[in-house]
file query.cif (mmCIF, C-alpha atoms and all ligand atoms)
data_my_file
loop_
_atom_site.label_atom_id
_atom_site.label_comp_id
_atom_site.auth_asym_id
_atom_site.auth_seq_id
_atom_site.Cartn_x
_atom_site.Cartn_y
_atom_site.Cartn_z
CA MET H 1 -89.52 -38.61 154.85
CA ILE H 2 -86.76 -39.09 152.27
CA THR H 3 -87.82 -41.22 149.29
CA ALA H 4 -85.26 -43.10 147.21
CA ALA H 5 -86.22 -45.20 144.19
CA LEU H 6 -84.13 -48.36 143.93
CA TYR H 7 -83.99 -49.99 140.49
CA ASP H 8 -83.23 -53.54 139.36
CA ALA H 9 -84.21 -54.49 142.91
CA LYS H 10 -83.34 -58.03 143.99
CA PRO H 11 -84.87 -59.96 146.87
CA TYR H 12 -81.74 -59.34 148.97
CA ASP H 13 -82.05 -55.56 148.45
CA ARG H 14 -85.48 -55.69 150.12
CA GLU H 15 -83.77 -57.23 153.12
CA TYR H 16 -80.57 -55.18 153.44
CA PHE H 17 -81.76 -51.68 152.47
CA PRO H 18 -84.63 -51.36 154.96
CA ALA H 19 -82.32 -52.74 157.66
CA ALA H 20 -79.75 -50.02 156.89
CA GLY H 21 -82.23 -47.22 156.25
CA GLY H 22 -83.95 -46.27 159.45
CA LYS H 23 -87.34 -44.62 159.84
CA ASP H 24 -86.61 -41.42 157.89
CA LEU H 25 -85.88 -43.28 154.64
CA ALA H 26 -88.51 -44.80 152.35
CA TRP H 27 -87.22 -47.16 149.67
CA ARG H 28 -89.30 -47.53 146.54
CA PHE H 29 -88.22 -50.88 145.10
CA GLN H 30 -88.57 -51.29 141.35
CA GLU H 31 -87.71 -54.63 139.81
CA PHE H 32 -87.16 -53.23 136.32
CA ARG H 33 -83.94 -51.57 135.25
CA LEU H 34 -83.41 -47.81 135.17
CA THR H 35 -83.14 -46.57 131.58
CA ALA H 36 -84.46 -43.58 129.63
CA ASP H 37 -87.66 -45.61 129.13
CA THR H 38 -88.28 -46.12 132.85
CA ALA H 39 -86.71 -42.96 134.36
CA ALA H 40 -90.03 -41.10 134.67
CA THR H 41 -91.01 -43.55 137.44
CA ALA H 42 -88.51 -41.75 139.70
CA ALA H 43 -90.92 -38.81 140.14
CA GLY H 44 -91.28 -37.98 143.81
CA ALA H 45 -87.91 -39.48 144.77
CA VAL H 46 -84.99 -37.27 145.78
CA ALA H 47 -82.49 -40.02 144.94
CA VAL H 48 -82.29 -43.05 142.69
CA VAL H 49 -80.28 -46.11 143.68
CA ALA H 50 -78.90 -47.78 140.57
CA PHE H 51 -77.20 -51.10 139.89
CA VAL H 52 -74.60 -52.20 137.34
CA ASN H 53 -76.93 -52.93 134.44
CA ASP H 54 -79.02 -49.78 134.73
CA ARG H 55 -78.30 -47.51 131.78
CA LEU H 56 -77.60 -44.02 133.09
CA ASP H 57 -76.94 -42.29 129.79
CA ALA H 58 -77.64 -38.61 129.07
CA PRO H 59 -81.31 -39.10 128.03
CA CYS H 60 -82.02 -41.12 131.19
CA LEU H 61 -80.29 -38.57 133.46
CA LYS H 62 -82.17 -35.72 131.81
CA ILE H 63 -85.50 -37.36 132.63
CA LEU H 64 -84.37 -38.03 136.21
CA ALA H 65 -83.36 -34.40 136.72
CA GLY H 66 -86.65 -33.26 135.20
CA ALA H 67 -88.53 -35.54 137.61
CA GLY H 68 -86.90 -33.82 140.60
CA VAL H 69 -84.13 -36.33 141.37
CA ARG H 70 -81.00 -34.68 142.79
CA HIS H 71 -78.78 -37.63 143.59
CA VAL H 72 -77.82 -40.82 141.75
CA ALA H 73 -76.45 -43.34 144.26
CA LEU H 74 -74.73 -46.24 142.51
CA ARG H 75 -74.84 -49.33 144.69
CA SER H 76 -71.72 -50.67 142.98
CA ALA H 77 -68.01 -49.93 142.86
CA GLY H 78 -67.89 -49.77 139.05
CA PHE H 79 -69.27 -46.60 137.45
CA ASN H 80 -68.83 -47.25 133.74
CA HIS H 81 -72.63 -47.32 133.29
CA ILE H 82 -73.18 -43.62 134.01
CA ASP H 83 -72.45 -40.59 131.85
CA LEU H 84 -70.69 -38.48 134.49
CA THR H 85 -70.32 -35.47 132.21
CA ALA H 86 -74.06 -35.38 131.59
CA ALA H 87 -74.79 -35.83 135.31
CA LYS H 88 -72.55 -32.90 136.16
CA ALA H 89 -74.13 -30.68 133.52
CA LEU H 90 -77.58 -31.51 134.93
CA GLY H 91 -76.49 -30.76 138.51
CA LEU H 92 -77.01 -34.38 139.65
CA ALA H 93 -74.76 -35.57 142.46
CA VAL H 94 -73.35 -39.05 141.84
CA THR H 95 -72.01 -41.39 144.50
CA ARG H 96 -70.85 -45.01 144.49
CA VAL H 97 -69.70 -47.55 147.05
CA PRO H 98 -66.01 -47.79 146.25
CA ALA H 99 -64.98 -50.60 148.60
CA TYR H 100 -67.83 -52.53 150.15
CA SER H 101 -65.88 -55.75 150.36
CA PRO H 102 -62.94 -56.30 148.08
CA HIS H 103 -62.59 -59.62 149.94
CA ALA H 104 -65.90 -60.83 148.52
CA VAL H 105 -64.73 -60.31 144.93
CA ALA H 106 -61.18 -61.61 145.49
CA GLU H 107 -62.48 -64.75 147.20
CA HIS H 108 -65.00 -65.40 144.41
CA THR H 109 -62.21 -64.98 141.85
CA VAL H 110 -60.19 -67.70 143.52
CA ALA H 111 -63.31 -69.88 144.00
CA LEU H 112 -63.95 -69.69 140.25
CA LEU H 113 -60.37 -70.57 139.39
CA LEU H 114 -60.31 -73.51 141.80
CA THR H 115 -63.64 -74.81 140.51
CA LEU H 116 -62.53 -74.50 136.90
CA ASN H 117 -59.14 -76.06 137.48
CA ARG H 118 -60.25 -78.95 139.72
CA LYS H 119 -63.52 -79.36 137.80
CA ILE H 120 -65.57 -79.29 140.98
CA HIS H 121 -68.73 -78.30 139.07
CA ARG H 122 -68.44 -81.37 136.85
CA ALA H 123 -67.54 -83.67 139.73
CA TYR H 124 -70.51 -82.42 141.76
CA ASN H 125 -72.95 -83.24 138.98
CA ARG H 126 -71.34 -86.61 138.30
CA VAL H 127 -71.39 -87.81 141.88
CA ARG H 128 -75.04 -86.77 142.27
CA GLU H 129 -75.78 -89.21 139.44
CA HIS H 130 -73.69 -91.91 141.13
CA ASN H 131 -71.00 -91.54 138.49
CA PHE H 132 -67.83 -91.91 140.55
CA SER H 133 -65.45 -91.96 137.58
CA LEU H 134 -62.47 -89.57 137.64
CA ALA H 135 -62.01 -89.56 133.86
CA GLY H 136 -61.39 -86.06 132.56
CA LEU H 137 -61.13 -84.43 135.99
CA VAL H 138 -57.36 -83.86 136.11
CA GLY H 139 -56.37 -80.38 137.28
CA PHE H 140 -53.04 -78.76 138.15
CA ASP H 141 -51.35 -77.56 141.34
CA ILE H 142 -51.50 -73.80 141.78
CA HIS H 143 -48.41 -74.08 143.96
CA GLY H 144 -45.39 -73.18 141.85
CA LYS H 145 -47.43 -71.73 138.97
CA THR H 146 -47.23 -68.14 137.76
CA VAL H 147 -50.32 -66.00 138.31
CA GLY H 148 -50.67 -62.73 136.40
CA ILE H 149 -52.74 -60.02 138.07
CA ILE H 150 -53.78 -57.18 135.77
CA GLY H 151 -54.75 -54.25 137.99
CA THR H 152 -53.50 -54.15 141.58
CA GLY H 153 -56.14 -51.99 143.22
CA LYS H 154 -58.16 -53.15 146.20
CA ILE H 155 -59.42 -56.40 144.66
CA GLY H 156 -56.36 -57.26 142.57
CA ARG H 157 -54.11 -56.98 145.62
CA LEU H 158 -56.20 -59.31 147.75
CA THR H 159 -56.44 -61.81 144.90
CA ALA H 160 -52.66 -61.66 144.45
CA GLN H 161 -52.12 -62.22 148.17
CA ILE H 162 -54.45 -65.24 148.23
CA PHE H 163 -52.53 -66.76 145.32
CA ARG H 164 -49.27 -66.09 147.17
CA GLY H 165 -50.76 -68.14 149.99
CA PHE H 166 -51.02 -71.08 147.59
CA GLY H 167 -47.29 -70.78 146.92
CA ALA H 168 -47.71 -69.31 143.44
CA ARG H 169 -45.37 -66.78 141.88
CA VAL H 170 -47.33 -63.60 141.23
CA LEU H 171 -46.53 -61.15 138.44
CA ALA H 172 -48.57 -57.96 138.32
CA ALA H 173 -49.25 -55.14 135.87
CA ASP H 174 -50.77 -51.78 136.72
CA VAL H 175 -50.62 -48.28 135.25
CA ALA H 176 -49.95 -47.02 138.79
CA PRO H 177 -47.83 -49.73 140.45
CA ASP H 178 -47.19 -49.84 144.20
CA PRO H 179 -43.65 -51.24 144.55
CA THR H 180 -43.73 -51.07 148.37
CA TRP H 181 -46.79 -53.32 148.56
CA ALA H 182 -45.35 -55.65 145.91
CA ALA H 183 -42.00 -56.00 147.69
CA ALA H 184 -43.73 -56.73 151.01
CA GLN H 185 -45.81 -59.49 149.36
CA GLY H 186 -42.99 -60.99 147.27
CA ILE H 187 -44.79 -59.90 144.09
CA THR H 188 -43.07 -58.56 140.97
CA TYR H 189 -44.42 -55.90 138.62
CA ALA H 190 -43.78 -56.32 134.91
CA PRO H 191 -45.16 -54.78 131.70
CA ARG H 192 -48.62 -56.15 130.86
CA ASP H 193 -47.46 -58.12 127.82
CA GLU H 194 -44.71 -59.81 129.84
CA VAL H 195 -47.24 -60.78 132.49
CA LEU H 196 -49.57 -62.22 129.84
CA ALA H 197 -46.72 -64.21 128.25
CA ALA H 198 -45.46 -65.68 131.52
CA ALA H 199 -48.66 -66.43 133.44
CA ASP H 200 -50.35 -69.84 133.77
CA ILE H 201 -53.35 -68.01 135.23
CA VAL H 202 -54.35 -64.45 134.29
CA SER H 203 -56.87 -62.57 136.44
CA LEU H 204 -58.31 -59.19 135.42
CA HIS H 205 -58.89 -56.50 138.06
CA THR H 206 -58.94 -53.18 136.22
CA PRO H 207 -61.95 -50.92 135.91
CA LEU H 208 -63.62 -50.62 132.51
CA THR H 209 -62.31 -47.48 130.81
CA PRO H 210 -61.65 -46.58 127.16
CA GLU H 211 -58.07 -47.83 127.74
CA THR H 212 -59.11 -51.19 129.20
CA HIS H 213 -62.00 -51.88 126.79
CA HIS H 214 -61.13 -55.18 125.05
CA LEU H 215 -57.85 -55.38 126.96
CA ILE H 216 -58.05 -59.07 126.13
CA ASN H 217 -58.41 -59.32 122.36
CA ALA H 218 -57.04 -61.45 119.51
CA THR H 219 -53.60 -59.83 119.82
CA THR H 220 -53.25 -60.09 123.59
CA LEU H 221 -54.75 -63.61 123.62
CA ALA H 222 -52.05 -64.64 121.12
CA ARG H 223 -49.43 -63.37 123.59
CA MET H 224 -50.74 -65.56 126.40
CA LYS H 225 -49.03 -68.79 127.34
CA PRO H 226 -50.66 -71.73 125.51
CA GLY H 227 -52.99 -73.55 127.90
CA ALA H 228 -53.28 -70.63 130.33
CA CYS H 229 -56.46 -70.00 132.32
CA LEU H 230 -58.17 -66.60 132.20
CA VAL H 231 -60.40 -65.26 134.98
CA ASN H 232 -62.51 -62.11 134.75
CA THR H 233 -64.52 -60.86 137.72
CA SER H 234 -64.20 -57.17 136.78
CA ARG H 235 -66.22 -56.05 133.78
CA GLY H 236 -67.34 -58.04 130.73
CA LYS H 237 -66.14 -55.53 128.18
CA LEU H 238 -62.52 -56.03 129.25
CA ILE H 239 -62.66 -59.11 126.97
CA ASP H 240 -63.47 -59.29 123.27
CA THR H 241 -65.85 -62.26 123.40
CA VAL H 242 -65.50 -63.16 119.71
CA ALA H 243 -61.71 -63.38 120.09
CA LEU H 244 -62.14 -65.35 123.31
CA ILE H 245 -64.33 -67.94 121.60
CA ALA H 246 -61.76 -68.26 118.80
CA ALA H 247 -58.99 -68.81 121.38
CA LEU H 248 -61.08 -71.50 123.07
CA LYS H 249 -61.91 -73.22 119.78
CA SER H 250 -58.25 -73.29 118.78
CA ARG H 251 -57.42 -74.77 122.23
CA ARG H 252 -55.06 -71.89 122.85
CA LEU H 253 -56.61 -71.29 126.27
CA GLY H 254 -56.76 -73.98 128.93
CA GLY H 255 -59.87 -72.58 130.61
CA VAL H 256 -61.91 -69.46 131.20
CA ALA H 257 -63.85 -68.42 134.30
CA LEU H 258 -66.13 -65.39 134.06
CA ASP H 259 -68.33 -63.59 136.55
CA VAL H 260 -69.04 -60.84 134.02
CA TYR H 261 -69.86 -60.88 130.34
CA GLU H 262 -69.68 -58.27 127.61
CA GLU H 263 -73.41 -58.30 126.87
CA GLU H 264 -74.69 -59.25 130.32
CA GLU H 265 -77.21 -56.41 130.48
CA GLY H 266 -80.71 -57.88 130.41
CA VAL H 267 -79.38 -61.45 130.81
CA PHE H 268 -77.40 -61.70 134.03
CA PHE H 269 -79.51 -61.50 137.20
CA GLU H 270 -82.58 -62.78 135.29
CA ASP H 271 -84.18 -66.22 135.38
CA LEU H 272 -84.24 -67.04 131.66
CA SER H 273 -84.48 -70.80 132.20
CA GLY H 274 -87.82 -71.03 130.39
CA VAL H 275 -87.05 -68.79 127.42
CA VAL H 276 -84.88 -68.95 124.30
CA LEU H 277 -81.42 -67.48 124.89
CA GLU H 278 -80.89 -65.10 121.99
CA ASP H 279 -77.23 -64.29 122.66
CA ASP H 280 -75.27 -66.64 120.38
CA ALA H 281 -71.88 -65.77 121.85
CA LEU H 282 -73.01 -66.51 125.40
CA SER H 283 -74.68 -69.72 124.20
CA ARG H 284 -71.43 -70.77 122.52
CA LEU H 285 -69.38 -69.97 125.63
CA LEU H 286 -71.70 -72.17 127.68
CA THR H 287 -70.95 -75.16 125.44
CA PHE H 288 -67.23 -75.35 126.28
CA PRO H 289 -66.38 -77.85 128.99
CA ASN H 290 -63.54 -75.61 130.13
CA VAL H 291 -65.61 -72.45 130.57
CA LEU H 292 -67.25 -71.62 133.89
CA ILE H 293 -69.65 -68.69 134.20
CA THR H 294 -71.36 -67.13 137.19
CA SER H 295 -73.88 -64.35 136.82
CA HIS H 296 -72.09 -61.32 138.33
CA GLN H 297 -72.23 -62.64 141.88
CA ALA H 298 -68.69 -61.95 143.09
CA PHE H 299 -69.96 -59.17 145.36
CA LEU H 300 -72.73 -61.31 146.85
CA THR H 301 -71.74 -61.83 150.46
CA HIS H 302 -73.54 -60.88 153.64
CA GLU H 303 -70.77 -58.43 154.55
CA ALA H 304 -70.74 -56.74 151.14
CA LEU H 305 -74.52 -56.35 150.97
CA GLY H 306 -74.63 -54.87 154.46
CA GLU H 307 -71.90 -52.38 153.60
CA ILE H 308 -73.46 -51.41 150.25
CA ALA H 309 -76.77 -50.69 151.97
CA ARG H 310 -75.14 -48.84 154.87
CA VAL H 311 -73.04 -46.51 152.67
CA THR H 312 -75.88 -45.91 150.20
CA ALA H 313 -78.44 -45.14 152.91
CA GLU H 314 -76.07 -42.74 154.64
CA ASN H 315 -75.30 -40.97 151.37
CA VAL H 316 -78.98 -40.70 150.43
CA ARG H 317 -79.63 -39.13 153.82
CA ARG H 318 -76.67 -36.74 153.47
CA GLY H 319 -77.63 -35.81 149.91
CA ALA H 320 -81.18 -34.98 150.97
CA SER H 321 -80.01 -32.72 153.77
CA GLY H 322 -77.22 -31.07 151.77
CA GLU H 323 -74.42 -32.53 153.89
CA PRO H 324 -71.16 -33.68 152.27
CA PHE H 325 -71.20 -37.34 151.17
CA LEU H 326 -69.10 -39.99 152.86
CA ASP H 327 -65.39 -39.66 152.09
CA GLY H 328 -64.32 -40.97 148.70
CA THR H 329 -67.81 -41.90 147.52
CA GLN H 330 -68.69 -38.91 145.33
CA LEU H 331 -67.75 -39.09 141.66
P1 LIG M 1 -59.52 -50.12 142.21
O1 LIG M 1 -59.85 -48.79 141.65
O2 LIG M 1 -59.14 -50.23 143.66
O3 LIG M 1 -58.31 -50.76 141.36
C1 LIG M 1 -58.23 -50.74 139.97
C2 LIG M 1 -56.76 -50.83 139.59
O4 LIG M 1 -56.67 -50.95 138.17
C3 LIG M 1 -55.95 -49.60 140.00
O5 LIG M 1 -54.78 -49.99 140.69
C4 LIG M 1 -55.61 -48.93 138.66
O6 LIG M 1 -54.37 -48.24 138.68
C5 LIG M 1 -55.56 -50.14 137.75
N1 LIG M 1 -55.72 -49.82 136.34
C6 LIG M 1 -56.52 -48.89 135.77
N2 LIG M 1 -56.34 -48.89 134.43
C7 LIG M 1 -55.42 -49.85 134.15
C8 LIG M 1 -54.82 -50.32 132.95
N3 LIG M 1 -55.15 -49.80 131.77
N4 LIG M 1 -53.91 -51.33 133.05
C9 LIG M 1 -53.55 -51.85 134.25
N5 LIG M 1 -54.09 -51.43 135.42
C10 LIG M 1 -55.00 -50.45 135.37
O7 LIG M 1 -60.75 -51.07 141.87
P2 LIG M 1 -61.19 -52.41 142.62
O8 LIG M 1 -62.04 -52.08 143.78
O9 LIG M 1 -60.01 -53.29 142.80
O10 LIG M 1 -62.19 -53.03 141.51
C11 LIG M 1 -61.72 -53.48 140.26
C12 LIG M 1 -62.93 -53.72 139.38
O11 LIG M 1 -63.67 -54.84 139.84
C13 LIG M 1 -63.98 -52.58 139.44
O12 LIG M 1 -63.67 -51.55 138.58
C14 LIG M 1 -65.25 -53.26 139.05
O13 LIG M 1 -65.44 -53.10 137.65
C15 LIG M 1 -64.99 -54.73 139.38
N6 LIG M 1 -65.91 -55.23 140.39
C16 LIG M 1 -66.65 -56.36 140.13
C17 LIG M 1 -67.53 -56.87 141.05
C18 LIG M 1 -68.32 -58.12 140.81
O14 LIG M 1 -69.28 -58.40 141.55
N7 LIG M 1 -67.98 -58.94 139.82
C19 LIG M 1 -67.73 -56.19 142.33
C20 LIG M 1 -66.85 -55.04 142.55
C21 LIG M 1 -66.01 -54.59 141.60
#
call {"tool": "encode", "arguments": {"input": "query.cif", "output": "structure tokens", "more": "lines below"}}
Ligand code: NAI
result
Amino acid sequence: MITAALYDAKPYDREYFPAAGGKDLAWRFQEFRLTADTAATAAGAVAVVAFVNDRLDAPCLKILAGAGVRHVALRSAGFNHIDLTAAKALGLAVTRVPAYSPHAVAEHTVALLLTLNRKIHRAYNRVREHNFSLAGLVGFDIHGKTVGIIGTGKIGRLTAQIFRGFGARVLAADVAPDPTWAAAQGITYAPRDEVLAAADIVSLHTPLTPETHHLINATTLARMKPGACLVNTSRGKLIDTVALIAALKSRRLGGVALDVYEEEEGVFFEDLSGVVLEDDALSRLLTFPNVLITSHQAFLTHEALGEIARVTAENVRRGASGEPFLDGTQL
């Protein structure tokens, strides 16, 4: 029997992982996050299955290796939360699920933008209270607007294509542009600052790296078109939250939709409805009528969860038997 300890386990993990696992795999579900403080609980497991807010730093990985773990399987596409150098030095194999459903994230990105722009969230609450007034609900047509896509990988491309379907002009920026794809989609690449200056809607789709950390900051926000909307479904730390709040207070930005937040660890995914929210920046963001936040749920579709569980289970099995991991999943 192969035992894998799965951390930050959600109710849906208990459904999808056993379904994908088969009889030779035993999942040990732990609801707490994996950090140096909790890593010793992995004893007896050959693999750990980690999520985006687990903290896989060198001290945590050292404890895992000492406990007999040989494989860290990230059940996410992003891998900014693991110290890969330390994992390598400790002989730990690391895998991720690079493309479980880019559609899920692209579609959520557009859902957020549409909700923000057409104020569906506000209208929904109003109508439930029999308030049928339209005051303050004016949005804008996406048709004919300019959408700026920063990062044209798997998710950025799909998002760009959906916006093209609305009849928007799409400008894109990427460190590794794909002119053939862009030409086929009627999309134009431009330097990032030009995209920021021209776009009515900016959507971020780069990974979090030292280069993209605080990609949106006071300087880049000042370059954006006044009244533009900003959407981030990638990683919270792409945006300097303090600068974002200043840009909202000065009315520089028209609206902001976020599925990720700089300090989401320990907050997102939790039910904190009965406790005091200690994060002042998040509390402030939640007060703006033109800010819409979801709690890192862009990936949360039936198809994506099935694929995450399938790829992770297969890799755990392969890791345990010394077979090569699925193509493109090992870091
Ligand atoms: P990808 O690796 O296919 O594409 C990333 C693109 O960003 C590449 O084209 C790359 O060249 C470009 N890029 C890298 N550095 C850049 C820079 N400094 N400036 C401009 N472009 C740059 O990744 P994919 O699958 O499209 O995912 C994007 C991000 O979305 C992931 O890294 C992850 O953080 C996030 N994500 C969020 C989810 C959610 O539930 N909210 C779920 C899945 C992914």
call {"tool": "residues_near_ligand", "arguments": {"input": "query.cif", "ligand": "ligand LIG 1 (chain M)", "cutoff": "9 Å", "atoms": "all atoms listed in the file", "output": "short mmCIF file (atom, residue, chain, number, x, y, z; two decimals) with C-alpha atoms, keeping the file's coordinate frame"}}
result
data_model
loop_
_atom_site.label_atom_id
_atom_site.label_comp_id
_atom_site.auth_asym_id
_atom_site.auth_seq_id
_atom_site.Cartn_x
_atom_site.Cartn_y
_atom_site.Cartn_z
CA SER H 76 -71.72 -50.67 142.98
CA ALA H 77 -68.01 -49.93 142.86
CA GLY H 78 -67.89 -49.77 139.05
CA PHE H 79 -69.27 -46.60 137.45
CA ASN H 80 -68.83 -47.25 133.74
CA PRO H 98 -66.01 -47.79 146.25
CA ALA H 99 -64.98 -50.60 148.60
CA TYR H 100 -67.83 -52.53 150.15
CA SER H 101 -65.88 -55.75 150.36
CA PRO H 102 -62.94 -56.30 148.08
CA ALA H 104 -65.90 -60.83 148.52
CA VAL H 105 -64.73 -60.31 144.93
CA ALA H 106 -61.18 -61.61 145.49
CA HIS H 108 -65.00 -65.40 144.41
CA THR H 109 -62.21 -64.98 141.85
CA ILE H 150 -53.78 -57.18 135.77
CA GLY H 151 -54.75 -54.25 137.99
CA THR H 152 -53.50 -54.15 141.58
CA GLY H 153 -56.14 -51.99 143.22
CA LYS H 154 -58.16 -53.15 146.20
CA ILE H 155 -59.42 -56.40 144.66
CA GLY H 156 -56.36 -57.26 142.57
CA ARG H 157 -54.11 -56.98 145.62
CA LEU H 158 -56.20 -59.31 147.75
CA ALA H 172 -48.57 -57.96 138.32
CA ALA H 173 -49.25 -55.14 135.87
CA ASP H 174 -50.77 -51.78 136.72
CA VAL H 175 -50.62 -48.28 135.25
CA ALA H 176 -49.95 -47.02 138.79
CA PRO H 177 -47.83 -49.73 140.45
CA ASP H 178 -47.19 -49.84 144.20
CA ARG H 192 -48.62 -56.15 130.86
CA LEU H 204 -58.31 -59.19 135.42
CA HIS H 205 -58.89 -56.50 138.06
CA THR H 206 -58.94 -53.18 136.22
CA PRO H 207 -61.95 -50.92 135.91
CA LEU H 208 -63.62 -50.62 132.51
CA THR H 209 -62.31 -47.48 130.81
CA PRO H 210 -61.65 -46.58 127.16
CA GLU H 211 -58.07 -47.83 127.74
CA THR H 212 -59.11 -51.19 129.20
CA HIS H 213 -62.00 -51.88 126.79
CA LEU H 215 -57.85 -55.38 126.96
CA ASN H 232 -62.51 -62.11 134.75
CA THR H 233 -64.52 -60.86 137.72
CA SER H 234 -64.20 -57.17 136.78
CA ARG H 235 -66.22 -56.05 133.78
CA GLY H 236 -67.34 -58.04 130.73
CA LEU H 258 -66.13 -65.39 134.06
CA ASP H 259 -68.33 -63.59 136.55
CA VAL H 260 -69.04 -60.84 134.02
CA SER H 295 -73.88 -64.35 136.82
CA HIS H 296 -72.09 -61.32 138.33
CA GLN H 297 -72.23 -62.64 141.88
CA ALA H 298 -68.69 -61.95 143.09
CA PHE H 299 -69.96 -59.17 145.36
CA LEU H 300 -72.73 -61.31 146.85
#
call {"tool": "residues_around", "arguments": {"input": "query.cif", "residues": "Leu326 in chain H", "least_positions_apart": "3", "cutoff": "8 Å", "atoms": "only C-alpha atoms", "output": "list in words"}}
result
Val311, Glu314, Asn315, Thr329 and Gln330 of chain H
call {"tool": "atom_distance", "arguments": {"input": "query.cif", "atom1": "CA of Ile82 in chain H", "atom2": "CA of Leu34 in chain H"}}
result
11.1 Å
call {"tool": "residues_around", "arguments": {"input": "query.cif", "residues": "Thr115 in chain H", "least_positions_apart": "2", "cutoff": "12 Å", "atoms": "all atoms listed in the file", "output": "list in words"}}
result
His108, Thr109, Val110, Ala111, Leu112, Leu113, Asn117, Arg118, Lys119, Ile120, His121, Arg122, Ala123, Tyr124, Leu137, Val138, Gly139, Phe140, Cys229, Val231, Gly255, Val256, Ala257, Leu258, Asn290, Val291, Leu292, Ile293 and Thr294 of chain H
call {"tool": "atom_distance", "arguments": {"input": "query.cif", "atom1": "CA of Tyr12 in chain H", "atom2": "CA of Leu305 in chain H"}}
result
8.1 Å
call {"tool": "closest_residue", "arguments": {"input": "query.cif", "among": "H:Leu244, H:Ile187, H:Ala89, H:Leu64", "to": "His214 in chain H", "atoms": "all atoms listed in the file"}}
result
H:Leu244
call {"tool": "atom_distance", "arguments": {"input": "query.cif", "atom1": "CA of Ala313 in chain H", "atom2": "CA of Asp271 in chain H"}}
result
28.0 Å
call {"tool": "closest_residue", "arguments": {"input": "query.cif", "among": "H:Asn217, H:Arg169, H:Arg14, H:Asp8", "to": "Ile142 in chain H", "atoms": "all atoms listed in the file"}}
result
H:Arg169
call {"tool": "build_atoms", "arguments": {"input": "query.cif", "residues": "range 196-211 of chain H", "atoms": "N, CA and C atoms", "output": "mmCIF file, in the coordinates of the input"}}
result
data_model
loop_
_atom_site.group_PDB
_atom_site.id
_atom_site.type_symbol
_atom_site.label_atom_id
_atom_site.label_comp_id
_atom_site.auth_asym_id
_atom_site.auth_seq_id
_atom_site.Cartn_x
_atom_site.Cartn_y
_atom_site.Cartn_z
ATOM 1 N N LEU H 196 -48.709 -61.324 130.633
ATOM 2 C CA LEU H 196 -49.570 -62.220 129.840
ATOM 3 C C LEU H 196 -48.768 -63.396 129.296
ATOM 4 N N ALA H 197 -47.543 -63.146 128.866
ATOM 5 C CA ALA H 197 -46.720 -64.210 128.250
ATOM 6 C C ALA H 197 -46.252 -65.228 129.272
ATOM 7 N N ALA H 198 -46.066 -64.792 130.519
ATOM 8 C CA ALA H 198 -45.460 -65.680 131.520
ATOM 9 C C ALA H 198 -46.484 -66.424 132.379
ATOM 10 N N ALA H 199 -47.724 -65.927 132.431
ATOM 11 C CA ALA H 199 -48.660 -66.430 133.440
ATOM 12 C C ALA H 199 -49.389 -67.713 133.011
ATOM 13 N N ASP H 200 -49.523 -68.636 133.966
ATOM 14 C CA ASP H 200 -50.350 -69.840 133.770
ATOM 15 C C ASP H 200 -51.814 -69.496 134.038
ATOM 16 N N ILE H 201 -52.007 -68.487 134.896
ATOM 17 C CA ILE H 201 -53.350 -68.010 135.230
ATOM 18 C C ILE H 201 -53.322 -66.494 135.120
ATOM 19 N N VAL H 202 -54.269 -65.914 134.391
ATOM 20 C CA VAL H 202 -54.350 -64.450 134.290
ATOM 21 C C VAL H 202 -55.686 -64.021 134.901
ATOM 22 N N SER H 203 -55.643 -63.047 135.813
ATOM 23 C CA SER H 203 -56.870 -62.570 136.440
ATOM 24 C C SER H 203 -56.977 -61.059 136.259
ATOM 25 N N LEU H 204 -58.137 -60.611 135.772
ATOM 26 C CA LEU H 204 -58.310 -59.190 135.420
ATOM 27 C C LEU H 204 -58.970 -58.412 136.557
ATOM 28 N N HIS H 205 -58.355 -57.302 136.944
ATOM 29 C CA HIS H 205 -58.890 -56.500 138.060
ATOM 30 C C HIS H 205 -58.810 -55.008 137.802
ATOM 31 N N THR H 206 -58.933 -54.616 136.531
ATOM 32 C CA THR H 206 -58.940 -53.180 136.220
ATOM 33 C C THR H 206 -60.377 -52.713 136.058
ATOM 34 N N PRO H 207 -60.617 -51.426 136.249
ATOM 35 C CA PRO H 207 -61.950 -50.920 135.910
ATOM 36 C C PRO H 207 -62.137 -50.913 134.399
ATOM 37 N N LEU H 208 -63.377 -50.765 133.947
ATOM 38 C CA LEU H 208 -63.620 -50.620 132.510
ATOM 39 C C LEU H 208 -63.491 -49.143 132.152
ATOM 40 N N THR H 209 -62.534 -48.843 131.294
ATOM 41 C CA THR H 209 -62.310 -47.480 130.810
ATOM 42 C C THR H 209 -62.049 -47.586 129.305
ATOM 43 N N PRO H 210 -61.982 -46.463 128.606
ATOM 44 C CA PRO H 210 -61.650 -46.580 127.160
ATOM 45 C C PRO H 210 -60.318 -47.318 126.954
ATOM 46 N N GLU H 211 -59.376 -47.173 127.886
ATOM 47 C CA GLU H 211 -58.070 -47.830 127.740
ATOM 48 C C GLU H 211 -58.147 -49.344 127.984
#
